[in-house]
file upload12.txt (compact mmCIF, N, CA and C atoms)
# COMPACT_ATOMS: atom_id res chain seq x y z
N MET A 25 36.81 -16.06 -29.75
CA MET A 25 37.63 -14.87 -29.65
C MET A 25 38.08 -14.69 -28.20
N THR A 26 39.35 -14.45 -28.02
CA THR A 26 39.86 -14.21 -26.67
C THR A 26 40.07 -12.72 -26.47
N LEU A 27 39.51 -12.23 -25.40
CA LEU A 27 39.64 -10.82 -25.04
C LEU A 27 40.22 -10.73 -23.64
N PRO A 28 40.91 -9.62 -23.34
CA PRO A 28 41.29 -9.42 -21.93
C PRO A 28 40.05 -9.15 -21.10
N PHE A 29 40.20 -9.23 -19.80
CA PHE A 29 39.13 -8.92 -18.86
C PHE A 29 39.43 -7.58 -18.21
N PHE A 30 38.39 -6.76 -18.03
CA PHE A 30 38.55 -5.54 -17.25
C PHE A 30 37.98 -5.83 -15.87
N VAL A 31 38.85 -5.76 -14.85
CA VAL A 31 38.42 -6.05 -13.48
C VAL A 31 38.51 -4.78 -12.65
N TYR A 32 37.52 -4.57 -11.77
CA TYR A 32 37.45 -3.31 -11.02
C TYR A 32 37.13 -3.51 -9.55
N GLY A 33 37.07 -4.74 -9.09
CA GLY A 33 36.72 -5.02 -7.69
C GLY A 33 37.64 -6.07 -7.08
N THR A 34 37.05 -7.16 -6.64
CA THR A 34 37.80 -8.18 -5.90
C THR A 34 38.76 -8.98 -6.76
N LEU A 35 38.73 -8.81 -8.08
CA LEU A 35 39.68 -9.49 -8.97
C LEU A 35 40.91 -8.65 -9.26
N ARG A 36 40.96 -7.42 -8.75
CA ARG A 36 42.13 -6.56 -8.97
C ARG A 36 43.33 -7.10 -8.20
N PRO A 37 44.54 -6.84 -8.70
CA PRO A 37 45.74 -7.27 -7.99
C PRO A 37 45.70 -6.78 -6.53
N GLY A 38 46.05 -7.70 -5.63
CA GLY A 38 46.05 -7.38 -4.20
C GLY A 38 44.73 -7.69 -3.51
N GLU A 39 43.68 -7.96 -4.27
CA GLU A 39 42.37 -8.28 -3.69
C GLU A 39 42.20 -9.80 -3.61
N VAL A 40 41.26 -10.22 -2.79
CA VAL A 40 41.11 -11.64 -2.46
C VAL A 40 40.88 -12.53 -3.68
N ASN A 41 40.03 -12.17 -4.59
CA ASN A 41 39.73 -13.03 -5.72
C ASN A 41 40.82 -13.03 -6.79
N HIS A 42 41.67 -12.02 -6.77
CA HIS A 42 42.82 -12.05 -7.69
C HIS A 42 43.69 -13.26 -7.37
N GLY A 43 43.99 -13.43 -6.10
CA GLY A 43 44.81 -14.57 -5.69
C GLY A 43 44.14 -15.91 -5.95
N LEU A 44 42.84 -15.96 -5.79
CA LEU A 44 42.11 -17.23 -5.97
C LEU A 44 41.92 -17.61 -7.43
N PHE A 45 41.76 -16.63 -8.31
CA PHE A 45 41.40 -16.93 -9.69
C PHE A 45 42.47 -16.56 -10.72
N LEU A 46 43.21 -15.48 -10.50
CA LEU A 46 44.09 -14.96 -11.54
C LEU A 46 45.58 -15.22 -11.33
N ARG A 47 46.02 -15.33 -10.11
CA ARG A 47 47.46 -15.48 -9.85
C ARG A 47 48.03 -16.67 -10.63
N GLY A 48 49.08 -16.40 -11.40
CA GLY A 48 49.75 -17.42 -12.19
C GLY A 48 49.05 -17.78 -13.49
N ARG A 49 47.95 -17.09 -13.81
CA ARG A 49 47.18 -17.42 -15.01
C ARG A 49 47.09 -16.24 -15.98
N THR A 50 47.88 -15.19 -15.72
CA THR A 50 47.81 -14.00 -16.57
C THR A 50 49.15 -13.71 -17.23
N ARG A 51 49.06 -13.10 -18.39
CA ARG A 51 50.26 -12.67 -19.12
C ARG A 51 50.54 -11.19 -18.86
N ALA A 52 49.47 -10.41 -18.64
CA ALA A 52 49.63 -8.98 -18.41
C ALA A 52 48.49 -8.46 -17.54
N GLU A 53 48.80 -7.46 -16.72
CA GLU A 53 47.82 -6.75 -15.90
C GLU A 53 48.20 -5.29 -15.95
N GLU A 54 47.32 -4.47 -16.54
CA GLU A 54 47.63 -3.06 -16.78
C GLU A 54 46.48 -2.18 -16.33
N PRO A 55 46.76 -1.04 -15.71
CA PRO A 55 45.69 -0.13 -15.33
C PRO A 55 44.88 0.32 -16.54
N GLY A 56 43.57 0.45 -16.33
CA GLY A 56 42.70 0.90 -17.40
C GLY A 56 41.48 1.61 -16.84
N ARG A 57 40.68 2.19 -17.77
CA ARG A 57 39.50 2.95 -17.38
C ARG A 57 38.34 2.62 -18.32
N LEU A 58 37.19 2.42 -17.71
CA LEU A 58 35.95 2.20 -18.45
C LEU A 58 35.13 3.47 -18.37
N ALA A 59 34.85 4.08 -19.53
CA ALA A 59 34.07 5.32 -19.56
C ALA A 59 32.58 5.02 -19.59
N ASP A 60 31.80 6.04 -19.30
CA ASP A 60 30.34 5.97 -19.37
C ASP A 60 29.78 4.92 -18.42
N ALA A 61 30.32 4.89 -17.22
CA ALA A 61 29.86 3.94 -16.21
C ALA A 61 29.98 4.57 -14.83
N VAL A 62 29.14 4.08 -13.92
CA VAL A 62 29.16 4.50 -12.52
C VAL A 62 29.41 3.25 -11.69
N LEU A 63 30.25 3.39 -10.68
CA LEU A 63 30.55 2.28 -9.79
C LEU A 63 29.70 2.41 -8.53
N TYR A 64 29.05 1.31 -8.15
CA TYR A 64 28.21 1.28 -6.96
C TYR A 64 28.77 0.28 -5.96
N ALA A 65 28.60 0.59 -4.68
CA ALA A 65 29.01 -0.31 -3.61
C ALA A 65 28.03 -1.47 -3.53
N GLY A 66 28.56 -2.66 -3.40
CA GLY A 66 27.75 -3.85 -3.20
C GLY A 66 28.09 -4.47 -1.85
N PRO A 67 27.59 -5.65 -1.60
CA PRO A 67 27.86 -6.32 -0.32
C PRO A 67 29.24 -6.98 -0.30
N GLY A 68 30.30 -6.15 -0.22
CA GLY A 68 31.66 -6.67 -0.21
C GLY A 68 32.33 -6.65 -1.57
N TYR A 69 31.64 -6.16 -2.57
CA TYR A 69 32.19 -6.05 -3.92
C TYR A 69 31.38 -4.98 -4.66
N PRO A 70 31.97 -4.39 -5.70
CA PRO A 70 31.27 -3.32 -6.42
C PRO A 70 30.52 -3.83 -7.65
N TYR A 71 29.67 -2.97 -8.16
CA TYR A 71 28.97 -3.18 -9.43
C TYR A 71 29.25 -1.98 -10.33
N ALA A 72 29.60 -2.22 -11.58
CA ALA A 72 29.67 -1.16 -12.57
C ALA A 72 28.35 -1.14 -13.32
N VAL A 73 27.80 0.06 -13.50
CA VAL A 73 26.53 0.24 -14.19
C VAL A 73 26.78 1.22 -15.34
N GLU A 74 26.37 0.82 -16.55
CA GLU A 74 26.53 1.72 -17.68
C GLU A 74 25.66 2.95 -17.50
N GLU A 75 26.25 4.10 -17.79
CA GLU A 75 25.56 5.37 -17.64
C GLU A 75 26.23 6.35 -18.61
N PRO A 76 25.66 6.55 -19.80
CA PRO A 76 26.29 7.48 -20.75
C PRO A 76 26.56 8.83 -20.09
N GLY A 77 27.80 9.26 -20.18
CA GLY A 77 28.22 10.52 -19.57
C GLY A 77 28.34 10.44 -18.06
N GLY A 78 28.19 9.24 -17.51
CA GLY A 78 28.14 9.07 -16.06
C GLY A 78 29.45 9.13 -15.32
N GLY A 79 30.53 8.82 -15.96
CA GLY A 79 31.81 8.84 -15.27
C GLY A 79 32.75 7.79 -15.81
N VAL A 80 33.76 7.49 -14.99
CA VAL A 80 34.80 6.55 -15.37
C VAL A 80 35.03 5.59 -14.21
N VAL A 81 35.17 4.30 -14.53
CA VAL A 81 35.49 3.28 -13.54
C VAL A 81 36.94 2.88 -13.74
N SER A 82 37.71 2.86 -12.66
CA SER A 82 39.12 2.47 -12.71
C SER A 82 39.28 1.00 -12.38
N GLY A 83 40.24 0.37 -13.03
CA GLY A 83 40.53 -1.03 -12.77
C GLY A 83 41.75 -1.47 -13.53
N GLU A 84 41.80 -2.77 -13.83
CA GLU A 84 42.93 -3.33 -14.56
C GLU A 84 42.44 -4.15 -15.75
N LEU A 85 43.18 -4.06 -16.83
CA LEU A 85 42.99 -4.95 -17.98
C LEU A 85 43.86 -6.17 -17.73
N VAL A 86 43.25 -7.32 -17.68
CA VAL A 86 43.96 -8.56 -17.37
C VAL A 86 43.92 -9.45 -18.61
N THR A 87 45.10 -9.80 -19.10
CA THR A 87 45.21 -10.70 -20.24
C THR A 87 45.60 -12.07 -19.72
N ALA A 88 44.73 -13.04 -19.96
CA ALA A 88 44.97 -14.41 -19.48
C ALA A 88 46.01 -15.11 -20.36
N LEU A 89 46.72 -16.04 -19.75
CA LEU A 89 47.58 -16.93 -20.54
C LEU A 89 46.69 -17.73 -21.48
N PRO A 90 47.12 -17.94 -22.72
CA PRO A 90 46.26 -18.65 -23.69
C PRO A 90 45.79 -20.01 -23.18
N GLU A 91 46.65 -20.74 -22.52
CA GLU A 91 46.28 -22.08 -22.05
C GLU A 91 45.30 -22.06 -20.88
N ALA A 92 45.14 -20.91 -20.24
CA ALA A 92 44.23 -20.79 -19.09
C ALA A 92 42.91 -20.12 -19.46
N TYR A 93 42.81 -19.57 -20.67
CA TYR A 93 41.70 -18.69 -21.02
C TYR A 93 40.32 -19.33 -20.87
N GLU A 94 40.07 -20.44 -21.51
CA GLU A 94 38.73 -21.04 -21.52
C GLU A 94 38.27 -21.41 -20.11
N GLU A 95 39.15 -22.03 -19.36
CA GLU A 95 38.79 -22.41 -17.98
C GLU A 95 38.55 -21.17 -17.12
N LEU A 96 39.39 -20.16 -17.29
CA LEU A 96 39.25 -18.93 -16.52
C LEU A 96 37.94 -18.22 -16.87
N LEU A 97 37.59 -18.17 -18.13
CA LEU A 97 36.34 -17.55 -18.56
C LEU A 97 35.15 -18.22 -17.86
N ALA A 98 35.13 -19.53 -17.84
CA ALA A 98 34.04 -20.27 -17.19
C ALA A 98 34.03 -20.02 -15.68
N GLU A 99 35.20 -19.99 -15.06
CA GLU A 99 35.28 -19.74 -13.61
C GLU A 99 34.81 -18.33 -13.25
N LEU A 100 35.19 -17.36 -14.05
CA LEU A 100 34.77 -15.98 -13.77
C LEU A 100 33.27 -15.81 -13.99
N ASP A 101 32.72 -16.47 -15.00
CA ASP A 101 31.26 -16.43 -15.17
C ASP A 101 30.57 -16.98 -13.92
N ARG A 102 31.07 -18.07 -13.37
CA ARG A 102 30.47 -18.63 -12.14
C ARG A 102 30.65 -17.68 -10.96
N LEU A 103 31.84 -17.13 -10.81
CA LEU A 103 32.11 -16.20 -9.71
C LEU A 103 31.14 -15.02 -9.77
N GLU A 104 30.94 -14.48 -10.96
CA GLU A 104 30.10 -13.29 -11.14
C GLU A 104 28.62 -13.64 -11.26
N GLU A 105 28.29 -14.91 -11.09
CA GLU A 105 26.91 -15.39 -11.18
C GLU A 105 26.25 -14.94 -12.48
N TYR A 106 27.01 -15.14 -13.56
CA TYR A 106 26.53 -14.80 -14.89
C TYR A 106 26.18 -16.07 -15.65
N VAL A 107 24.93 -16.17 -16.06
CA VAL A 107 24.45 -17.24 -16.92
C VAL A 107 23.75 -16.56 -18.10
N PRO A 108 24.28 -16.74 -19.32
CA PRO A 108 23.67 -16.06 -20.47
C PRO A 108 22.16 -16.31 -20.55
N GLY A 109 21.42 -15.22 -20.68
CA GLY A 109 19.97 -15.31 -20.83
C GLY A 109 19.19 -15.52 -19.55
N ASP A 110 19.86 -15.67 -18.42
CA ASP A 110 19.16 -15.90 -17.15
C ASP A 110 18.88 -14.56 -16.47
N PRO A 111 17.62 -14.17 -16.28
CA PRO A 111 17.31 -12.89 -15.66
C PRO A 111 17.71 -12.81 -14.19
N ARG A 112 18.08 -13.92 -13.58
CA ARG A 112 18.53 -13.92 -12.18
C ARG A 112 20.01 -13.63 -12.03
N SER A 113 20.74 -13.52 -13.14
CA SER A 113 22.18 -13.23 -13.09
C SER A 113 22.42 -11.90 -12.37
N LEU A 114 23.49 -11.85 -11.58
CA LEU A 114 23.88 -10.61 -10.91
C LEU A 114 24.60 -9.67 -11.87
N TYR A 115 25.38 -10.26 -12.74
CA TYR A 115 26.16 -9.50 -13.72
C TYR A 115 25.86 -10.04 -15.11
N GLU A 116 26.23 -9.25 -16.11
CA GLU A 116 26.26 -9.74 -17.47
C GLU A 116 27.66 -9.44 -18.03
N ARG A 117 28.18 -10.39 -18.79
CA ARG A 117 29.51 -10.21 -19.39
C ARG A 117 29.32 -9.64 -20.78
N VAL A 118 29.91 -8.46 -21.02
CA VAL A 118 29.74 -7.76 -22.29
C VAL A 118 31.10 -7.27 -22.79
N GLU A 119 31.19 -7.06 -24.09
CA GLU A 119 32.39 -6.47 -24.69
C GLU A 119 32.27 -4.96 -24.64
N ARG A 120 33.31 -4.32 -24.16
CA ARG A 120 33.34 -2.86 -24.12
C ARG A 120 34.76 -2.38 -24.41
N ASN A 121 34.89 -1.13 -24.83
CA ASN A 121 36.20 -0.52 -24.98
C ASN A 121 36.67 -0.04 -23.62
N VAL A 122 37.90 -0.38 -23.29
CA VAL A 122 38.54 0.07 -22.05
C VAL A 122 39.82 0.78 -22.47
N VAL A 123 40.07 1.94 -21.89
CA VAL A 123 41.25 2.71 -22.25
C VAL A 123 42.40 2.30 -21.35
N ARG A 124 43.48 1.87 -22.00
CA ARG A 124 44.70 1.48 -21.28
C ARG A 124 45.36 2.76 -20.78
N ALA A 125 45.64 2.84 -19.48
CA ALA A 125 46.17 4.06 -18.88
C ALA A 125 47.55 4.42 -19.40
N ALA A 126 48.38 3.45 -19.71
CA ALA A 126 49.76 3.71 -20.10
C ALA A 126 49.88 4.50 -21.40
N ASP A 127 48.99 4.22 -22.36
CA ASP A 127 49.15 4.86 -23.66
C ASP A 127 47.86 5.46 -24.24
N GLY A 128 46.74 5.34 -23.50
CA GLY A 128 45.49 5.92 -23.96
C GLY A 128 44.80 5.16 -25.08
N VAL A 129 45.29 3.96 -25.39
CA VAL A 129 44.71 3.16 -26.45
C VAL A 129 43.46 2.44 -25.94
N ALA A 130 42.39 2.46 -26.74
CA ALA A 130 41.17 1.73 -26.40
C ALA A 130 41.34 0.26 -26.78
N VAL A 131 41.05 -0.62 -25.83
CA VAL A 131 41.20 -2.05 -26.01
C VAL A 131 39.83 -2.70 -25.79
N ARG A 132 39.44 -3.59 -26.68
CA ARG A 132 38.18 -4.33 -26.51
C ARG A 132 38.40 -5.36 -25.42
N ALA A 133 37.49 -5.43 -24.43
CA ALA A 133 37.67 -6.32 -23.29
C ALA A 133 36.32 -6.82 -22.79
N TRP A 134 36.36 -7.94 -22.09
CA TRP A 134 35.17 -8.42 -21.36
C TRP A 134 35.04 -7.59 -20.10
N VAL A 135 33.82 -7.16 -19.81
CA VAL A 135 33.52 -6.43 -18.59
C VAL A 135 32.26 -7.06 -17.98
N TYR A 136 32.30 -7.30 -16.68
CA TYR A 136 31.11 -7.76 -15.98
C TYR A 136 30.39 -6.53 -15.43
N LEU A 137 29.25 -6.21 -16.04
CA LEU A 137 28.42 -5.09 -15.62
C LEU A 137 27.23 -5.61 -14.83
N ALA A 138 26.68 -4.77 -13.98
CA ALA A 138 25.47 -5.15 -13.25
C ALA A 138 24.39 -5.55 -14.25
N ALA A 139 23.75 -6.69 -13.99
CA ALA A 139 22.66 -7.15 -14.85
C ALA A 139 21.51 -6.13 -14.79
N PRO A 140 20.65 -6.10 -15.79
CA PRO A 140 19.61 -5.07 -15.85
C PRO A 140 18.79 -4.88 -14.58
N ALA A 141 18.31 -5.96 -13.96
CA ALA A 141 17.49 -5.81 -12.75
C ALA A 141 18.31 -5.22 -11.61
N VAL A 142 19.56 -5.66 -11.49
CA VAL A 142 20.45 -5.13 -10.43
C VAL A 142 20.75 -3.66 -10.71
N ALA A 143 21.04 -3.33 -11.96
CA ALA A 143 21.35 -1.94 -12.32
C ALA A 143 20.18 -1.02 -12.00
N THR A 144 18.96 -1.46 -12.25
CA THR A 144 17.78 -0.64 -11.95
C THR A 144 17.69 -0.36 -10.45
N ARG A 145 17.91 -1.38 -9.64
CA ARG A 145 17.87 -1.19 -8.17
C ARG A 145 18.98 -0.24 -7.72
N LEU A 146 20.18 -0.40 -8.27
CA LEU A 146 21.30 0.45 -7.86
C LEU A 146 21.05 1.91 -8.26
N ARG A 147 20.55 2.13 -9.45
CA ARG A 147 20.26 3.51 -9.87
C ARG A 147 19.23 4.16 -8.95
N ALA A 148 18.27 3.37 -8.46
CA ALA A 148 17.18 3.90 -7.63
C ALA A 148 17.63 4.17 -6.20
N ARG A 149 18.43 3.26 -5.63
CA ARG A 149 18.76 3.43 -4.21
C ARG A 149 20.15 2.94 -3.81
N GLY A 150 21.04 2.80 -4.80
CA GLY A 150 22.40 2.37 -4.50
C GLY A 150 23.28 3.51 -4.06
N ARG A 151 24.46 3.16 -3.57
CA ARG A 151 25.45 4.17 -3.15
C ARG A 151 26.58 4.18 -4.17
N ALA A 152 26.64 5.28 -4.95
CA ALA A 152 27.71 5.42 -5.94
C ALA A 152 29.04 5.64 -5.23
N ILE A 153 30.09 5.08 -5.82
CA ILE A 153 31.45 5.25 -5.29
C ILE A 153 32.08 6.43 -6.02
N GLU A 154 32.31 7.50 -5.29
CA GLU A 154 32.88 8.71 -5.87
C GLU A 154 34.24 8.42 -6.50
N GLY A 155 34.45 8.96 -7.68
CA GLY A 155 35.72 8.80 -8.37
C GLY A 155 35.84 7.50 -9.14
N GLY A 156 34.88 6.56 -8.97
CA GLY A 156 34.87 5.34 -9.75
C GLY A 156 35.97 4.33 -9.45
N ASP A 157 36.59 4.46 -8.26
CA ASP A 157 37.65 3.52 -7.90
C ASP A 157 37.28 2.84 -6.60
N TRP A 158 37.03 1.53 -6.66
CA TRP A 158 36.61 0.77 -5.49
C TRP A 158 37.63 0.86 -4.36
N ARG A 159 38.88 0.96 -4.70
CA ARG A 159 39.93 1.07 -3.67
C ARG A 159 39.97 2.45 -3.06
N GLY A 160 39.39 3.42 -3.73
CA GLY A 160 39.38 4.82 -3.49
C GLY A 160 39.51 5.39 -2.18

call {"tool": "encode", "arguments": {"input": "upload12.txt", "output": "structure tokens"}}
result
Amino acid sequence: MTLPFFVYGTLRPGEVNHGLFLRGRTRAEEPGRLADAVLYAGPGYPYAVEEPGGGVVSGELVTALPEAYEELLAELDRLEEYVPGDPRSLYERVERNVVRAADGVAVRAWVYLAAPAVATRLRARGRAIEGGDWRG
């Protein structure tokens, strides 16, 4: 199944990893919002942490070109240090509903959320980003 990606940090248009990973490999990039999440500052990049009723994270829904999808998925997993089932992963890739800003429609998308151990540390002593927008 191919899903768009919801990006909220260095993969957003205009950010360093957008140019390295996404430029020329996307069909659409649209503003969107992830509900029930808090954005935390990381070392040069943010982490989204699920938090029911916690807030909204702003970013973009990125739809990959079909011919680029599989390779891009693997590259983004490596970038985000996500290995399924590995407790040392920094992020976990999960399916979530993201609301497209243009029309308010909920779209199922891949989201890289802070892995459980990272999320626990951030909740205990992380710095939340007010307003949920890393560019903020």

call {"tool": "residues_around", "arguments": {"input": "upload12.txt", "residues": "segment 61-77 of chain A", "least_positions_apart": "4", "cutoff": "6 Å", "atoms": "only N, CA and C atoms", "output": "VMD selection string"}}
result
chain A and resid 33 to 34 81 136 to 138 143 151 to 153 156

call {"tool": "write_last_selection", "arguments": {"input": "upload12.txt", "atoms": "N, CA and C atoms", "output": "CSV table (one decimal), in the coordinates of the input"}}
result
chain,number,residue,atom,x,y,z
A,33,GLY,N,37.1,-4.7,-9.1
A,33,GLY,CA,36.7,-5.0,-7.7
A,33,GLY,C,37.6,-6.1,-7.1
A,34,THR,N,37.0,-7.2,-6.6
A,34,THR,CA,37.8,-8.2,-5.9
A,34,THR,C,38.8,-9.0,-6.8
A,81,VAL,N,35.2,4.3,-14.5
A,81,VAL,CA,35.5,3.3,-13.5
A,81,VAL,C,36.9,2.9,-13.7
A,136,TYR,N,32.3,-7.3,-16.7
A,136,TYR,CA,31.1,-7.8,-16.0
A,136,TYR,C,30.4,-6.5,-15.4
A,137,LEU,N,29.2,-6.2,-16.0
A,137,LEU,CA,28.4,-5.1,-15.6
A,137,LEU,C,27.2,-5.6,-14.8
A,138,ALA,N,26.7,-4.8,-14.0
A,138,ALA,CA,25.5,-5.2,-13.2
A,138,ALA,C,24.4,-5.6,-14.2
A,143,ALA,N,21.0,-3.3,-12.0
A,143,ALA,CA,21.4,-1.9,-12.3
A,143,ALA,C,20.2,-1.0,-12.0
A,151,ARG,N,24.5,3.2,-3.6
A,151,ARG,CA,25.4,4.2,-3.2
A,151,ARG,C,26.6,4.2,-4.2
A,152,ALA,N,26.6,5.3,-5.0
A,152,ALA,CA,27.7,5.4,-5.9
A,152,ALA,C,29.0,5.6,-5.2
A,153,ILE,N,30.1,5.1,-5.8
A,153,ILE,CA,31.4,5.2,-5.3
A,153,ILE,C,32.1,6.4,-6.0
A,156,GLY,N,34.9,6.6,-9.0
A,156,GLY,CA,34.9,5.3,-9.8
A,156,GLY,C,36.0,4.3,-9.4

call {"tool": "residues_around", "arguments": {"input": "upload12.txt", "residues": "Tyr93 of chain A", "least_positions_apart": "6", "cutoff": "9 Å", "atoms": "only C-alpha atoms", "output": "count of residues only"}}
result
4

call {"tool": "axis_aligned_box", "arguments": {"input": "upload12.txt", "around": "segment 51-55 of chain A", "padding_each_side": "8 Å", "output": "lines of an AutoDock Vina configuration file"}}
result
center_x = 47.7
center_y = -6.4
center_z = -17.2
size_x = 21.7
size_y = 29.4
size_z = 19.8

call {"tool": "atom_distance", "arguments": {"input": "upload12.txt", "atom1": "atom C of Ala139 of chain A", "atom2": "atom CA of Gly83 of chain A"}}
result
19.8 Å

call {"tool": "select_by_dssp", "arguments": {"input": "upload12.txt", "residues": "segment 34-157 of chain A", "states": "strand (DSSP E or B)", "output": "VMD selection string"}}
result
chain A and resid 50 to 59 61 to 65 70 to 74 80 to 88 115 to 124 130 to 138 152

call {"tool": "closest_residue", "arguments": {"input": "upload12.txt", "among": "A:Leu114, A:Leu35, A:Leu46, A:Leu146", "to": "Glu84 of chain A", "atoms": "only N, CA and C atoms"}}
result
A:Leu35

call {"tool": "residues_near_point", "arguments": {"input": "upload12.txt", "point": "(35.3, 1.6, -16.0)", "cutoff": "6 Å", "atoms": "only C-alpha atoms", "output": "list in words"}}
result
Arg57, Leu58, Ala59, Ala61, Val80, Val81 and Ser82 of chain A

call {"tool": "atom_distance", "arguments": {"input": "upload12.txt", "atom1": "atom CA of Trp134 of chain A", "atom2": "atom CA of Glu119 of chain A"}}
result
4.8 Å

call {"tool": "atom_distance", "arguments": {"input": "upload12.txt", "atom1": "atom CA of Ala133 of chain A", "atom2": "atom C of Gly43 of chain A"}}
result
20.8 Å
